[in-house]
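A.B. asks: CSV, C-alpha atoms and all ligand atoms, saved as structure.csv, coming up:
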```csv
chain,number,residue,atom,x,y,z
A,162,MET,CA,130.9,147.1,54.3
A,163,VAL,CA,132.4,150.1,56.1
A,164,ASN,CA,134.2,150.0,59.4
A,165,ALA,CA,134.0,153.6,60.7
A,166,LYS,CA,134.7,153.3,64.4
A,167,LYS,CA,134.5,156.5,66.5
A,168,SER,CA,133.1,158.5,63.6
A,169,ALA,CA,129.5,157.5,63.4
A,170,GLN,CA,126.6,159.8,64.1
A,171,MET,CA,123.2,158.4,65.1
A,172,ASP,CA,121.2,160.8,63.0
A,173,GLY,CA,123.1,159.6,59.9
A,174,ASP,CA,123.7,156.0,60.6
A,175,GLY,CA,121.5,155.1,63.6
A,176,PHE,CA,124.6,154.6,65.6
A,177,THR,CA,126.7,156.8,67.9
A,178,LEU,CA,129.7,155.7,69.9
A,179,ASN,CA,129.9,158.0,72.9
A,180,SER,CA,133.3,159.6,73.3
A,181,ILE,CA,133.2,159.0,77.1
A,182,PRO,CA,133.3,155.3,78.1
A,183,ILE,CA,131.6,153.7,81.1
A,184,ASN,CA,133.0,155.1,84.3
A,185,PRO,CA,135.5,152.5,85.7
A,186,VAL,CA,133.8,152.4,89.1
A,187,ASP,CA,130.4,151.9,87.4
A,188,HIS,CA,131.9,149.3,85.0
A,189,ASN,CA,133.4,147.3,87.9
A,190,PHE,CA,130.1,147.4,89.8
A,191,LEU,CA,128.0,146.3,86.8
A,192,HIS,CA,130.4,143.5,85.9
A,193,ARG,CA,130.2,142.2,89.5
A,194,PHE,CA,126.4,142.7,89.4
A,195,PHE,CA,126.3,140.2,86.5
A,196,LEU,CA,128.5,137.7,88.3
A,197,ALA,CA,126.7,138.0,91.6
A,198,ASN,CA,123.3,137.5,90.0
A,199,LYS,CA,124.2,134.8,87.6
A,200,LYS,CA,121.5,132.5,88.9
A,201,ARG,CA,118.8,135.1,88.2
A,202,PHE,CA,119.5,135.2,84.5
A,203,ILE,CA,117.0,133.3,82.4
A,204,GLN,CA,117.4,131.8,78.9
A,205,SER,CA,116.4,134.3,76.2
A,206,VAL,CA,113.1,133.7,74.3
A,207,SER,CA,114.3,135.7,71.3
A,208,GLY,CA,114.4,133.8,68.1
A,209,TYR,CA,117.4,135.8,66.8
A,210,VAL,CA,120.0,134.6,69.2
A,211,TYR,CA,121.5,131.4,70.7
A,212,ASP,CA,123.1,130.8,74.1
A,213,ARG,CA,122.0,134.1,75.6
A,214,LYS,CA,120.7,134.7,79.1
A,215,GLU,CA,118.9,137.8,80.2
A,216,LEU,CA,118.0,139.7,83.3
A,217,GLN,CA,115.6,142.7,83.0
A,218,LEU,CA,115.3,145.6,85.4
A,219,ARG,CA,112.5,148.1,86.1
A,220,ASN,CA,110.1,146.5,83.6
A,221,HIS,CA,110.4,143.0,82.1
A,222,VAL,CA,109.3,142.9,78.4
A,223,ASN,CA,108.5,139.5,77.1
A,224,LEU,CA,110.3,139.5,73.8
A,225,LYS,CA,107.7,137.0,72.3
A,226,THR,CA,104.4,138.3,73.6
A,227,GLY,CA,105.3,141.9,74.4
A,228,ARG,CA,103.8,141.6,77.9
A,229,ILE,CA,105.3,144.1,80.3
A,230,THR,CA,105.7,143.2,84.0
A,231,PRO,CA,107.3,145.4,86.6
A,232,THR,CA,110.4,143.7,88.1
A,233,ILE,CA,111.4,143.2,91.7
A,234,ASP,CA,114.2,145.8,91.7
A,235,SER,CA,113.0,147.7,94.7
A,236,TYR,CA,113.3,144.6,96.9
A,237,ILE,CA,116.9,143.9,96.1
A,238,ASN,CA,119.5,146.5,97.1
A,239,ALA,CA,122.0,145.6,94.4
A,240,TYR,CA,119.2,146.1,91.8
A,241,ASN,CA,118.5,149.5,93.1
A,242,GLN,CA,122.2,150.3,93.0
A,243,ALA,CA,122.5,149.1,89.4
A,244,THR,CA,119.5,151.1,88.2
A,245,ALA,CA,120.8,154.2,89.9
A,246,ILE,CA,124.0,153.8,88.0
A,247,LEU,CA,122.3,153.1,84.7
A,248,ASP,CA,120.2,156.3,85.1
A,249,LYS,CA,123.4,158.2,84.6
A,250,TYR,CA,123.7,156.8,81.1
A,251,TYR,CA,120.0,157.0,80.0
A,252,PHE,CA,118.1,159.0,82.6
A,253,GLY,CA,114.6,157.7,83.4
A,254,PHE,CA,114.9,154.5,81.3
A,255,GLU,CA,112.0,152.3,81.8
A,256,SER,CA,113.4,148.9,81.0
A,257,ALA,CA,117.0,147.5,81.0
A,258,ILE,CA,118.0,144.2,79.6
A,259,CYS,CA,121.2,142.7,80.9
A,260,LEU,CA,122.5,140.3,78.2
A,261,TRP,CA,124.9,137.5,78.9
A,262,TYR,CA,126.2,135.7,75.8
A,263,CYS,CA,127.2,132.5,77.4
A,264,ARG,CA,129.6,129.7,76.5
A,265,ASN,CA,128.0,126.8,74.7
A,266,ARG,CA,128.7,123.1,75.1
A,267,VAL,CA,132.0,123.4,73.4
A,268,GLY,CA,133.1,126.2,75.6
A,269,LYS,CA,132.7,129.1,73.2
A,270,ALA,CA,130.3,132.1,73.4
A,271,GLN,CA,128.4,132.8,70.2
A,272,ASN,CA,128.4,136.6,70.7
A,273,MET,CA,126.1,136.9,67.7
A,274,MET,CA,122.6,138.2,67.0
A,275,ARG,CA,120.9,138.1,63.6
A,276,PHE,CA,119.4,141.3,62.0
A,277,HIS,CA,116.3,142.4,63.8
A,278,SER,CA,114.4,145.5,65.0
A,279,ASP,CA,113.7,145.7,68.7
A,280,HIS,CA,110.3,144.8,70.0
A,281,SER,CA,107.5,147.2,69.3
A,282,ALA,CA,106.9,147.7,73.1
A,283,TYR,CA,110.2,149.7,73.1
A,284,ALA,CA,110.3,153.4,72.0
A,285,ARG,CA,112.7,154.4,69.3
A,286,GLY,CA,116.3,154.9,70.6
A,287,ALA,CA,118.4,152.8,73.0
A,288,VAL,CA,121.7,153.0,74.8
A,289,MET,CA,124.0,150.0,75.2
A,290,LEU,CA,126.7,149.7,77.8
A,291,ASN,CA,129.2,147.1,76.6
A,292,LEU,CA,130.8,145.5,79.7
A,293,THR,CA,132.9,142.6,78.3
A,294,GLY,CA,133.7,141.3,74.8
A,295,ARG,CA,134.5,142.9,71.5
A,296,VAL,CA,132.0,142.6,68.7
A,297,ASN,CA,131.0,144.2,65.4
A,298,PHE,CA,127.7,146.1,65.7
A,299,GLN,CA,126.0,146.3,62.3
A,300,ILE,CA,123.3,148.6,61.1
A,301,LYS,CA,121.3,148.0,57.9
A,302,ARG,CA,120.2,151.3,56.6
A,303,ASP,CA,118.7,149.8,53.4
A,304,TRP,CA,118.7,146.4,51.7
A,305,LYS,CA,122.2,147.0,50.2
A,306,THR,CA,124.0,149.1,52.9
A,307,VAL,CA,125.3,147.5,56.0
A,308,LYS,CA,127.7,149.5,58.2
A,309,SER,CA,129.8,147.8,60.8
A,310,TYR,CA,131.3,149.4,64.0
A,311,THR,CA,133.7,147.8,66.4
A,312,VAL,CA,132.4,147.9,70.0
A,313,GLU,CA,134.9,147.3,72.8
A,314,PRO,CA,134.6,146.7,76.5
A,315,GLY,CA,133.6,149.9,78.3
A,316,ASP,CA,132.0,151.5,75.2
A,317,VAL,CA,128.7,153.3,75.4
A,318,VAL,CA,126.6,153.2,72.3
A,319,GLU,CA,123.5,155.0,71.3
A,320,PHE,CA,121.6,153.4,68.4
A,321,ASP,CA,118.3,153.5,66.5
A,322,ASN,CA,116.7,150.2,67.7
A,323,LYS,CA,114.0,150.5,65.0
A,324,VAL,CA,116.6,150.2,62.2
A,325,PRO,CA,117.6,146.6,61.5
A,326,HIS,CA,120.8,145.8,63.5
A,327,ALA,CA,122.9,142.8,64.4
A,328,VAL,CA,125.9,141.7,66.3
A,329,ASP,CA,128.6,139.8,64.6
A,330,TRP,CA,132.0,138.3,65.6
A,331,HIS,CA,134.9,140.6,65.7
A,332,PRO,CA,138.0,139.4,63.7
A,333,GLU,CA,139.8,139.1,67.1
A,334,TYR,CA,136.9,137.1,68.6
A,335,ASP,CA,138.4,134.6,71.0
A,336,GLY,CA,135.3,132.8,72.3
A,337,GLN,CA,135.0,134.9,75.5
A,338,GLU,CA,131.6,135.6,76.9
A,339,ARG,CA,130.1,139.0,76.3
A,340,MET,CA,128.1,141.0,78.8
A,341,CYS,CA,126.2,144.1,77.9
A,342,ILE,CA,123.2,146.2,79.1
A,343,VAL,CA,120.7,147.8,76.8
A,344,LEU,CA,118.5,150.6,78.2
A,345,PHE,CA,115.1,151.6,76.7
A,346,HIS,CA,112.1,153.8,77.1
A,347,LEU,CA,108.7,152.1,76.5
A,348,LYS,CA,106.1,153.3,74.1
A,349,PRO,CA,103.1,155.0,75.8
A,350,GLN,CA,100.7,152.4,74.5
A,351,SER,CA,102.9,149.7,75.9
A,352,LYS,CA,102.7,151.3,79.3
A,353,HIS,CA,98.9,151.6,78.9
A,354,LYS,CA,98.8,147.8,78.2
A,355,GLN,CA,100.8,147.2,81.3
A,356,LEU,CA,98.4,149.1,83.4
A,357,SER,CA,95.4,147.3,82.0
A,358,LEU,CA,96.8,144.0,83.2
A,359,PHE,CA,95.9,144.9,86.8
B,401,FE,FE,118.3,144.8,69.3
```
Show how you would write the structure in this file as structure tokens.
Ligand SMILES: [Fe+2]

C.D. replies:
Amino acid sequence: MVNAKKSAQMDGDGFTLNSIPINPVDHNFLHRFFLANKKRFIQSVSGYVYDRKELQLRNHVNLKTGRITPTIDSYINAYNQATAILDKYYFGFESAICLWYCRNRVGKAQNMMRFHSDHSAYARGAVMLNLTGRVNFQIKRDWKTVKSYTVEPGDVVEFDNKVPHAVDWHPEYDGQERMCIVLFHLKPQSKHKQLSLF
């Protein structure tokens, strides 16, 4: 396993750590956005993860069924402010998933997700803003090659969401909760399905 922080290129490894981190003002707003909307987060239906809650913006993608539903952003001022900020990092994104890896019954956050490719409703390519927590982001290019990159608070990562990837504990993991936001575009056929619902 290789740890090559700050040197990856997405076209080679499916992973790029942007040289510019999240703007501190944006970082502060987004962190507070999580805390202020804690009650709106719902338990994840993903089978690859434990103790994770989610809040989706612009479009909600059901990670089991693939059903896409427009969210209520436009009715909540803070949602509009959050999506306006997020547009700076992945302009015109169509779905954002705010992820909160929560503490479990013994008071520790899992901060782990098993290898998976993102749902077929999402287009290839995604941008992750890591707000809190330090983890190892892993990419599996083929059955025997796993590359691991340290992701720290404030990091902005671009990755190939169609290549199997996972999140694992960092050696300095201390049980703290992790908060991040992943931004996506939707596949055209997914949007068509969404329209056909009405
Ligand atoms: Fe993923």

A.B. asks: Mind listing as a PDB file with C-alpha atoms, in the coordinates of the input all residues within 9 Å of (132.4, 141.7, 64.8), counting all atoms listed in the file?

C.D. replies:
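Output saved as point.pdb:
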```
ATOM      1  CA  ASN A 272     128.400 136.600  70.700  1.00  0.00           C
ATOM      2  CA  MET A 273     126.100 136.900  67.700  1.00  0.00           C
ATOM      3  CA  ARG A 295     134.500 142.900  71.500  1.00  0.00           C
ATOM      4  CA  VAL A 296     132.000 142.600  68.700  1.00  0.00           C
ATOM      5  CA  ASN A 297     131.000 144.200  65.400  1.00  0.00           C
ATOM      6  CA  PHE A 298     127.700 146.100  65.700  1.00  0.00           C
ATOM      7  CA  GLN A 299     126.000 146.300  62.300  1.00  0.00           C
ATOM      8  CA  SER A 309     129.800 147.800  60.800  1.00  0.00           C
ATOM      9  CA  TYR A 310     131.300 149.400  64.000  1.00  0.00           C
ATOM     10  CA  THR A 311     133.700 147.800  66.400  1.00  0.00           C
ATOM     11  CA  VAL A 312     132.400 147.900  70.000  1.00  0.00           C
ATOM     12  CA  VAL A 328     125.900 141.700  66.300  1.00  0.00           C
ATOM     13  CA  ASP A 329     128.600 139.800  64.600  1.00  0.00           C
ATOM     14  CA  TRP A 330     132.000 138.300  65.600  1.00  0.00           C
ATOM     15  CA  HIS A 331     134.900 140.600  65.700  1.00  0.00           C
ATOM     16  CA  PRO A 332     138.000 139.400  63.700  1.00  0.00           C
ATOM     17  CA  GLU A 333     139.800 139.100  67.100  1.00  0.00           C
ATOM     18  CA  TYR A 334     136.900 137.100  68.600  1.00  0.00           C
TER      19      TYR A 334
END
```

A.B. asks: Return as a tab-separated table the residues of chain A lying at most 10 Å from ligand FE 401 (chain B), together with the closest atom-to-atom pair for each and the distance in Å to one decimal, counting all atoms listed in the file, with rows in chain order and ascending residue number.

C.D. replies:
```
residue	atom	partner	partner_atom	distance
A:Tyr209	CA	B:FE401	FE	9.4
A:Met274	CA	B:FE401	FE	8.2
A:Arg275	CA	B:FE401	FE	9.2
A:Phe276	CA	B:FE401	FE	8.2
A:His277	CA	B:FE401	FE	6.3
A:Ser278	CA	B:FE401	FE	5.8
A:Asp279	CA	B:FE401	FE	4.7
A:His280	CA	B:FE401	FE	8.0
A:Ala287	CA	B:FE401	FE	8.8
A:Met289	CA	B:FE401	FE	9.7
A:Phe320	CA	B:FE401	FE	9.3
A:Asp321	CA	B:FE401	FE	9.1
A:Asn322	CA	B:FE401	FE	5.9
A:Lys323	CA	B:FE401	FE	8.3
A:Val324	CA	B:FE401	FE	9.1
A:Pro325	CA	B:FE401	FE	8.0
A:His326	CA	B:FE401	FE	6.4
A:Ala327	CA	B:FE401	FE	7.0
A:Val328	CA	B:FE401	FE	8.7
A:Val343	CA	B:FE401	FE	8.4
```

A.B. asks: Counting all atoms listed in the file, figure out which residue out of A:Arg285, A:Arg213, A:His188, A:Lys249 gets nearest to Phe345 (chain A).

C.D. replies: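 Ranking A:Arg285, A:Arg213, A:His188, A:Lys249 by distance to Phe345 (chain A), first place goes to A:Arg285.
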
A.B. asks: Grab the CA of Val317 (chain A) to CA of Leu216 (chain A) distance for me, in Å with one decimal place.

C.D. replies: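 Going from CA of Val317 (chain A) over to CA of Leu216 (chain A) covers 19.0 Å.
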
A.B. asks: Leaving out Asp212 (chain A) and any residue of its chain fewer than 4 positions from it, which residues lie within 10 Å of it when counting all atoms listed in the file, given as a ChimeraX atom specification?

C.D. replies: /A:204-205,261-266,269-273

A.B. asks: Could you jot down the CA of Thr177 (chain A) to CA of Val318 (chain A) separation for me, Å, one decimal place?

C.D. replies: 5.7 Å

A.B. asks: State, in Å with one decimal place, the distance from CA of Ala239 (chain A) to CA of Glu319 (chain A).

C.D. replies: 25.0 Å

A.B. asks: Counting all atoms listed in the file, figure out which residue out of A:Leu218, A:Asn291, A:Asn189, A:Ala257 gets nearest to Asp316 (chain A).

C.D. replies: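 Closest candidate: A:Asn291.
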
A.B. asks: So, counting all atoms listed in the file, which residue among A:Tyr283, A:Lys305, A:Ile181, A:Val206 is closest to Pro349 (chain A)?

C.D. replies: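 When distances to Pro349 (chain A) are compared using all atoms listed in the file, the smallest one comes from A:Tyr283.
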
A.B. asks: Around the point (109.3, 149.7, 74.7), in the coordinates given by the file, pick out the residues reaching within 6 Å, counting only C-alpha atoms, and return them as JSON, numbers by chain.

C.D. replies: {"A": [282, 283, 284, 346, 347, 348]}

A.B. asks: Can you pull out the residues contacting Ala197 (chain A)? Cut-off 12 Å, using all atoms listed in the file, and skip same-chain residues under 6 positions away; I want them as number ranges by chain.

C.D. replies: A: 190-191, 239-240

A.B. asks: Taking all atoms listed in the file into account, name the residue in A:Gly315, A:Leu290, A:Val210, A:Asn198 that is nearest to Tyr250 (chain A).

C.D. replies: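 Checking each candidate against Tyr250 (chain A), we get A:Leu290 as the closest.
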
A.B. asks: In terms of the shortest atom-to-atom distance over only C-alpha atoms, which of A:Gln350, A:Gln337, A:Ser207, A:Ile246 is closest to Val186 (chain A)?

C.D. replies: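 Ranked by minimum distance to Val186 (chain A), first place goes to A:Ile246.
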
A.B. asks: Would you mind telling me which residue in A:Ser281, A:Ala243, A:Glu313, A:Ile258 lies nearest to His192 (chain A) when using only C-alpha atoms?

C.D. replies: A:Ala243

A.B. asks: Just the residues within 7 Å of Thr232 (chain A), please, counting all atoms listed in the file, with nothing from its chain fewer than 3 positions along; format it as a PyMOL selection string.

C.D. replies: chain A and resi 218-221

A.B. asks: Would you fill out region 319-344 of chain A with N, CA and C atoms and return it as a PDB file, in the coordinates of the input?

C.D. replies:
```pdb
ATOM      1  N   GLU A 319     124.849 154.623  71.478  1.00  0.00           N
ATOM      2  CA  GLU A 319     123.500 155.000  71.300  1.00  0.00           C
ATOM      3  C   GLU A 319     123.056 154.576  69.909  1.00  0.00           C
ATOM      4  N   PHE A 320     121.925 153.895  69.782  1.00  0.00           N
ATOM      5  CA  PHE A 320     121.600 153.400  68.400  1.00  0.00           C
ATOM      6  C   PHE A 320     120.058 153.472  68.225  1.00  0.00           C
ATOM      7  N   ASP A 321     119.709 153.447  66.934  1.00  0.00           N
ATOM      8  CA  ASP A 321     118.300 153.500  66.500  1.00  0.00           C
ATOM      9  C   ASP A 321     117.824 152.011  66.515  1.00  0.00           C
ATOM     10  N   ASN A 322     117.080 151.642  67.543  1.00  0.00           N
ATOM     11  CA  ASN A 322     116.700 150.200  67.700  1.00  0.00           C
ATOM     12  C   ASN A 322     115.563 149.831  66.726  1.00  0.00           C
ATOM     13  N   LYS A 323     115.039 150.815  65.959  1.00  0.00           N
ATOM     14  CA  LYS A 323     114.000 150.500  65.000  1.00  0.00           C
ATOM     15  C   LYS A 323     114.581 150.233  63.599  1.00  0.00           C
ATOM     16  N   VAL A 324     115.864 150.507  63.452  1.00  0.00           N
ATOM     17  CA  VAL A 324     116.600 150.200  62.200  1.00  0.00           C
ATOM     18  C   VAL A 324     117.178 148.794  62.381  1.00  0.00           C
ATOM     19  N   PRO A 325     117.047 147.907  61.369  1.00  0.00           N
ATOM     20  CA  PRO A 325     117.600 146.600  61.500  1.00  0.00           C
ATOM     21  C   PRO A 325     119.077 146.597  61.957  1.00  0.00           C
ATOM     22  N   HIS A 326     119.389 145.849  62.995  1.00  0.00           N
ATOM     23  CA  HIS A 326     120.800 145.800  63.500  1.00  0.00           C
ATOM     24  C   HIS A 326     121.106 144.404  63.935  1.00  0.00           C
ATOM     25  N   ALA A 327     122.388 144.146  64.028  1.00  0.00           N
ATOM     26  CA  ALA A 327     122.900 142.800  64.400  1.00  0.00           C
ATOM     27  C   ALA A 327     124.185 142.912  65.102  1.00  0.00           C
ATOM     28  N   VAL A 328     124.583 141.811  65.706  1.00  0.00           N
ATOM     29  CA  VAL A 328     125.900 141.700  66.300  1.00  0.00           C
ATOM     30  C   VAL A 328     126.631 140.556  65.719  1.00  0.00           C
ATOM     31  N   ASP A 329     127.843 140.803  65.283  1.00  0.00           N
ATOM     32  CA  ASP A 329     128.600 139.800  64.600  1.00  0.00           C
ATOM     33  C   ASP A 329     129.990 139.635  65.288  1.00  0.00           C
ATOM     34  N   TRP A 330     130.638 138.521  65.008  1.00  0.00           N
ATOM     35  CA  TRP A 330     132.000 138.300  65.600  1.00  0.00           C
ATOM     36  C   TRP A 330     132.941 139.389  65.117  1.00  0.00           C
ATOM     37  N   HIS A 331     133.787 139.778  66.037  1.00  0.00           N
ATOM     38  CA  HIS A 331     134.900 140.600  65.700  1.00  0.00           C
ATOM     39  C   HIS A 331     136.034 139.738  65.174  1.00  0.00           C
ATOM     40  N   PRO A 332     136.875 140.224  64.238  1.00  0.00           N
ATOM     41  CA  PRO A 332     138.000 139.400  63.700  1.00  0.00           C
ATOM     42  C   PRO A 332     138.860 138.832  64.855  1.00  0.00           C
ATOM     43  N   GLU A 333     138.938 139.557  65.970  1.00  0.00           N
ATOM     44  CA  GLU A 333     139.800 139.100  67.100  1.00  0.00           C
ATOM     45  C   GLU A 333     138.970 138.299  68.114  1.00  0.00           C
ATOM     46  N   TYR A 334     137.789 137.842  67.686  1.00  0.00           N
ATOM     47  CA  TYR A 334     136.900 137.100  68.600  1.00  0.00           C
ATOM     48  C   TYR A 334     137.712 135.849  69.131  1.00  0.00           C
ATOM     49  N   ASP A 335     137.624 135.652  70.434  1.00  0.00           N
ATOM     50  CA  ASP A 335     138.400 134.600  71.000  1.00  0.00           C
ATOM     51  C   ASP A 335     137.494 133.619  71.850  1.00  0.00           C
ATOM     52  N   GLY A 336     136.176 133.700  71.618  1.00  0.00           N
ATOM     53  CA  GLY A 336     135.300 132.800  72.300  1.00  0.00           C
ATOM     54  C   GLY A 336     134.901 133.227  73.716  1.00  0.00           C
ATOM     55  N   GLN A 337     135.376 134.411  74.111  1.00  0.00           N
ATOM     56  CA  GLN A 337     135.000 134.900  75.500  1.00  0.00           C
ATOM     57  C   GLN A 337     133.584 135.312  75.536  1.00  0.00           C
ATOM     58  N   GLU A 338     133.023 135.194  76.725  1.00  0.00           N
ATOM     59  CA  GLU A 338     131.600 135.600  76.900  1.00  0.00           C
ATOM     60  C   GLU A 338     131.501 137.112  76.800  1.00  0.00           C
ATOM     61  N   ARG A 339     130.308 137.518  76.363  1.00  0.00           N
ATOM     62  CA  ARG A 339     130.100 139.000  76.300  1.00  0.00           C
ATOM     63  C   ARG A 339     128.919 139.336  77.197  1.00  0.00           C
ATOM     64  N   MET A 340     129.118 140.455  77.902  1.00  0.00           N
ATOM     65  CA  MET A 340     128.100 141.000  78.800  1.00  0.00           C
ATOM     66  C   MET A 340     127.812 142.422  78.385  1.00  0.00           C
ATOM     67  N   CYS A 341     126.536 142.750  78.233  1.00  0.00           N
ATOM     68  CA  CYS A 341     126.200 144.100  77.900  1.00  0.00           C
ATOM     69  C   CYS A 341     124.812 144.435  78.530  1.00  0.00           C
ATOM     70  N   ILE A 342     124.492 145.725  78.606  1.00  0.00           N
ATOM     71  CA  ILE A 342     123.200 146.200  79.100  1.00  0.00           C
ATOM     72  C   ILE A 342     122.594 147.140  78.107  1.00  0.00           C
ATOM     73  N   VAL A 343     121.333 146.926  77.736  1.00  0.00           N
ATOM     74  CA  VAL A 343     120.700 147.800  76.800  1.00  0.00           C
ATOM     75  C   VAL A 343     119.512 148.513  77.552  1.00  0.00           C
ATOM     76  N   LEU A 344     119.465 149.844  77.428  1.00  0.00           N
ATOM     77  CA  LEU A 344     118.500 150.600  78.200  1.00  0.00           C
ATOM     78  C   LEU A 344     117.436 151.197  77.186  1.00  0.00           C
TER      79      LEU A 344
END
```
